[in-house]
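The file entry-v6.tsv contains TSV, C-alpha atoms:
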chain	number	residue	atom	x	y	z
A	23	MET	CA	111.66	108.00	134.30
A	24	SER	CA	113.71	107.13	137.25
A	25	VAL	CA	112.46	106.40	140.70
A	26	LYS	CA	113.30	109.44	142.75
A	27	LYS	CA	113.62	109.82	146.45
A	28	GLU	CA	111.31	112.84	146.26
A	29	ASP	CA	107.59	113.48	146.44
A	30	GLY	CA	106.59	111.56	143.26
A	31	ASN	CA	105.14	114.46	141.26
A	32	ASN	CA	105.72	112.61	137.99
A	33	PRO	CA	104.11	109.27	137.16
A	34	TYR	CA	106.51	106.32	137.25
A	35	ARG	CA	106.89	104.40	134.00
A	36	GLY	CA	108.51	101.01	134.25
A	37	SER	CA	108.18	97.65	135.94
A	38	LEU	CA	108.33	96.31	139.46
A	39	ILE	CA	109.21	92.66	139.89
A	40	PHE	CA	108.73	91.22	143.34
A	41	THR	CA	109.09	87.85	145.02
A	42	ASN	CA	108.77	86.83	148.66
A	43	THR	CA	112.23	88.19	149.38
A	44	THR	CA	113.10	90.87	146.80
A	45	LEU	CA	111.72	93.87	144.95
A	46	SER	CA	113.42	94.86	141.67
A	47	PHE	CA	113.02	97.95	139.48
A	48	GLU	CA	115.29	99.80	137.01
A	49	GLY	CA	118.39	97.78	137.89
A	50	THR	CA	117.83	98.12	141.65
A	51	THR	CA	117.04	95.17	143.89
A	52	ILE	CA	115.80	95.61	147.45
A	53	GLN	CA	115.49	92.82	149.99
A	54	LEU	CA	112.02	92.96	151.47
A	55	LYS	CA	113.41	92.26	154.93
A	56	ASN	CA	115.00	95.76	154.72
A	57	VAL	CA	111.62	97.40	154.07
A	58	THR	CA	110.15	98.99	157.17
A	59	ARG	CA	106.89	100.30	155.70
A	60	PHE	CA	104.72	100.55	152.59
A	61	THR	CA	102.42	103.56	152.49
A	62	THR	CA	100.06	105.02	149.93
A	63	HIS	CA	98.80	108.57	149.64
A	64	GLU	CA	97.56	111.18	147.21
A	65	VAL	CA	100.42	113.30	145.90
A	66	LYS	CA	100.06	116.97	146.78
A	67	ARG	CA	100.62	118.96	143.61
A	68	TYR	CA	101.57	122.58	143.92
A	69	HIS	CA	100.28	125.07	141.37
A	70	ARG	CA	102.74	127.50	139.83
A	71	ILE	CA	99.95	129.93	139.06
A	72	SER	CA	97.86	131.10	142.01
A	73	PRO	CA	94.08	131.36	141.71
A	74	LEU	CA	94.26	135.15	141.89
A	75	VAL	CA	96.77	135.39	139.02
A	76	LEU	CA	94.67	132.94	137.01
A	77	LEU	CA	91.53	135.01	137.53
A	78	VAL	CA	93.31	138.26	136.58
A	79	SER	CA	94.83	136.66	133.46
A	80	ILE	CA	91.41	135.37	132.36
A	81	ILE	CA	89.88	138.83	132.77
A	82	VAL	CA	92.80	140.54	130.95
A	83	PHE	CA	92.65	137.92	128.17
A	84	PHE	CA	88.98	138.59	127.43
A	85	LEU	CA	89.26	142.37	127.84
A	86	SER	CA	92.30	142.54	125.55
A	87	PHE	CA	90.15	141.62	122.55
A	88	SER	CA	88.43	144.99	122.81
A	89	TRP	CA	91.69	146.95	123.15
A	90	LYS	CA	93.59	148.02	120.04
A	91	GLY	CA	97.27	147.29	119.57
A	92	THR	CA	97.57	144.88	122.50
A	93	GLY	CA	98.49	141.66	120.70
A	94	TYR	CA	101.32	140.87	123.11
A	95	ILE	CA	99.06	141.29	126.12
A	96	THR	CA	96.54	138.91	124.57
A	97	VAL	CA	99.19	136.28	123.87
A	98	ILE	CA	100.82	136.53	127.30
A	99	SER	CA	97.55	136.52	129.25
A	100	GLY	CA	96.25	133.69	127.04
A	101	ALA	CA	99.36	131.63	127.74
A	102	ILE	CA	99.06	132.21	131.50
A	103	THR	CA	95.37	131.34	131.35
A	104	GLY	CA	95.94	128.19	129.34
A	105	PHE	CA	98.74	126.91	131.54
A	106	GLY	CA	96.81	127.78	134.70
A	107	ILE	CA	93.72	125.90	133.54
A	108	TYR	CA	95.89	122.93	132.52
A	109	GLU	CA	97.45	122.85	135.99
A	110	TYR	CA	94.12	122.85	137.78
A	111	PHE	CA	92.69	120.02	135.68
A	112	ARG	CA	95.66	117.63	135.77
A	113	PRO	CA	94.67	114.15	136.96
A	114	LYS	CA	95.41	113.30	140.58
A	115	LEU	CA	98.47	111.21	141.32
A	116	TYR	CA	98.66	108.49	143.93
A	117	ALA	CA	101.93	107.19	145.30
A	118	LEU	CA	103.31	104.02	146.80
A	119	ILE	CA	106.17	104.87	149.14
A	120	ILE	CA	108.58	102.14	150.14
A	121	GLU	CA	110.58	103.07	153.23
A	122	LEU	CA	113.77	101.16	154.01
A	123	SER	CA	115.48	100.52	157.31
A	124	SER	CA	118.31	102.78	156.11
A	125	ALA	CA	115.87	105.75	156.28
A	126	SER	CA	115.78	106.09	152.49
A	127	HIS	CA	112.59	105.69	150.51
A	128	TYR	CA	111.38	105.13	146.95
A	129	THR	CA	108.23	106.65	145.48
A	130	PHE	CA	106.19	105.11	142.67
A	131	SER	CA	103.38	107.36	141.37
A	132	SER	CA	100.45	106.70	139.08
A	133	VAL	CA	96.98	108.06	138.33
A	134	ASP	CA	95.61	104.54	138.94
A	135	LYS	CA	94.50	104.74	142.58
A	136	GLU	CA	93.22	101.15	142.83
A	137	GLY	CA	96.37	99.82	141.18
A	138	ILE	CA	98.59	101.54	143.77
A	139	PHE	CA	96.48	100.14	146.62
A	140	GLU	CA	96.59	96.65	145.10
A	141	ILE	CA	100.38	96.75	144.73
A	142	CYS	CA	100.65	97.69	148.41
A	143	ARG	CA	98.38	94.79	149.39
A	144	LYS	CA	100.24	92.29	147.20
A	145	LEU	CA	103.66	93.39	148.47
A	146	THR	CA	102.49	93.08	152.06
A	147	SER	CA	101.06	89.62	151.45
A	148	ALA	CA	104.23	88.55	149.59
A	149	MET	CA	106.33	89.49	152.61
A	150	THR	CA	104.27	87.28	154.92
A	151	SER	CA	103.37	84.46	152.55
A	152	GLU	CA	104.92	81.00	152.75
A	153	THR	CA	103.97	80.16	149.16
A	154	PRO	CA	106.33	81.39	146.42
A	155	VAL	CA	105.36	84.68	144.78
A	156	ASN	CA	106.90	86.04	141.59
A	157	THR	CA	104.95	88.94	140.09
A	158	THR	CA	105.62	91.65	137.52
A	159	VAL	CA	103.76	94.96	137.75
A	160	THR	CA	104.04	97.43	134.87
A	161	PHE	CA	103.27	101.12	135.29
A	162	ASN	CA	101.87	102.48	132.01
A	163	SER	CA	100.72	106.01	131.32
A	164	ASP	CA	97.36	105.85	133.08
A	165	LYS	CA	97.01	102.33	134.42
A	166	ILE	CA	98.90	99.65	136.25
A	167	ILE	CA	99.10	96.22	134.64
A	168	PHE	CA	99.74	93.09	136.67
A	169	GLY	CA	101.42	90.39	134.60
A	170	ASP	CA	104.37	89.49	132.47
A	171	HIS	CA	104.43	90.90	128.93
A	172	VAL	CA	106.29	87.85	127.62
A	173	ALA	CA	103.77	85.36	128.95
A	174	ARG	CA	100.88	87.56	127.77
A	175	ASP	CA	98.99	87.42	131.06
A	176	LYS	CA	98.20	91.08	131.60
A	177	TYR	CA	95.63	92.08	134.19
A	178	GLU	CA	94.57	95.70	134.28
A	179	VAL	CA	93.39	97.11	137.57
A	180	ASN	CA	92.05	100.40	136.26
A	181	ASN	CA	88.31	100.09	135.44
A	182	SER	CA	88.14	96.38	136.15
A	183	ASN	CA	87.14	94.10	138.96
A	184	ILE	CA	90.19	92.85	140.84
A	185	ALA	CA	88.41	89.67	141.92
A	186	LYS	CA	88.04	88.51	138.31
A	187	MET	CA	91.75	88.73	137.52
A	188	GLY	CA	92.91	85.41	138.88
A	189	SER	CA	96.23	84.64	140.47
A	190	PHE	CA	98.94	87.24	140.84
A	191	ASN	CA	101.63	84.58	140.86
A	192	ASN	CA	102.00	85.14	137.14
A	193	ASN	CA	105.70	84.74	136.41
A	194	THR	CA	105.84	81.01	136.00
A	195	GLU	CA	109.08	79.11	135.63
A	196	THR	CA	107.75	76.90	132.84
A	197	PRO	CA	107.21	78.42	129.37
A	198	ILE	CA	103.68	78.69	128.08

As structure tokens:
Amino acid sequence: MSVKKEDGNNPYRGSLIFTNTTLSFEGTTIQLKNVTRFTTHEVKRYHRISPLVLLVSIIVFFLSFSWKGTGYITVISGAITGFGIYEYFRPKLYALIIELSSASHYTFSSVDKEGIFEICRKLTSAMTSETPVNTTVTFNSDKIIFGDHVARDKYEVNNSNIAKMGSFNNNTETPI
């Protein structure tokens, strides 16, 4: 998926590579001195099926079993009910928004709330740090992994203690 300049309704899948001066993703490189703000928030998801329509479709679905010759009504109300229930139980998305001095912004979304917050903290500290930082962050389906896949030093943030992960300066120049 591409990084969109929208609201981040779809989880981002890919990698972020950042140093003290740059942030790279999907062939794009941003100088961190052009970043005006990092923000995090919960993504507001809009439901295509209102609660009233969902309630009516559930009632019609169950009542249609007692009616004769209403197979189409059962299928249609069942489909509306199923999709409506799926929409209401989707996992929450959290976004990291990177705003640039050019007034454009990039949104990276994930269901991993702690991972998004940790990326924001690490990017902020990389901008102000005097020591060299070179970190790869990979957005997977439901978790964010800190580390380089080649060097095999993955650190998962989801369901783990961030203090036990070690250093985030994990893209070393020397081969392992």

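Counting all atoms listed in the file, Gly36 in chain A has the following residues at most 8 Å away, ignoring those fewer than 3 positions along the same chain: Met23, Phe47, Glu48, Thr160, Phe161 and Asn162 of chain A.
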
10 Å contact set for His63 in chain A, all atoms listed in the file, chain neighbours under 4 positions out, as a list in words: Leu115, Tyr116, Ala117, Leu118, Ile119, Ser131, Lys135, Ile138 and Phe139 of chain A

Nearby residues (only C-alpha atoms) at most 12 Å from Gly100 in chain A, same-chain spacing under 2 positions excluded, as JSON, numbers by chain: {"A": [76, 77, 78, 79, 80, 81, 82, 83, 84, 85, 86, 87, 93, 94, 95, 96, 97, 98, 102, 103, 104, 105, 106, 107]}

What is the distance between CA of Arg70 in chain A and CA of Pro33 in chain A, in Å to one decimal?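 Taking CA of Arg70 in chain A and CA of Pro33 in chain A, their separation equals 18.5 Å.
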
Identify, on the basis of only C-alpha atoms, every residue whose closest approach to Pro113 in chain A does not exceed 12 Å; exclude the query and any residue fewer than 4 positions from it along the same chain; express the result as a VMD selection string. chain A and resid 31 to 33 64 to 67 108 to 109 131 to 135 163 to 164

Within 6 Å of (106.4, 93.0, 138.9), in the coordinates the file gives, what residues turn up when you count all atoms listed in the file, written out as a PyMOL selection string? chain A and resi 37-40+157-159

Ser123 in chain A surroundings by only C-alpha atoms, 10 Å radius, close-in-sequence under 2 positions cut, as a ChimeraX atom specification: /A:55-59,121,125-127

So what do you get for CA of Cys142 in chain A versus CA of Phe111 in chain A, distance-wise? 26.9 Å

In Å, with one decimal, what is the gap from CA of Gly169 in chain A to CA of Arg143 in chain A?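 Answer for the CA of Gly169 in chain A to CA of Arg143 in chain A separation: 15.7 Å.
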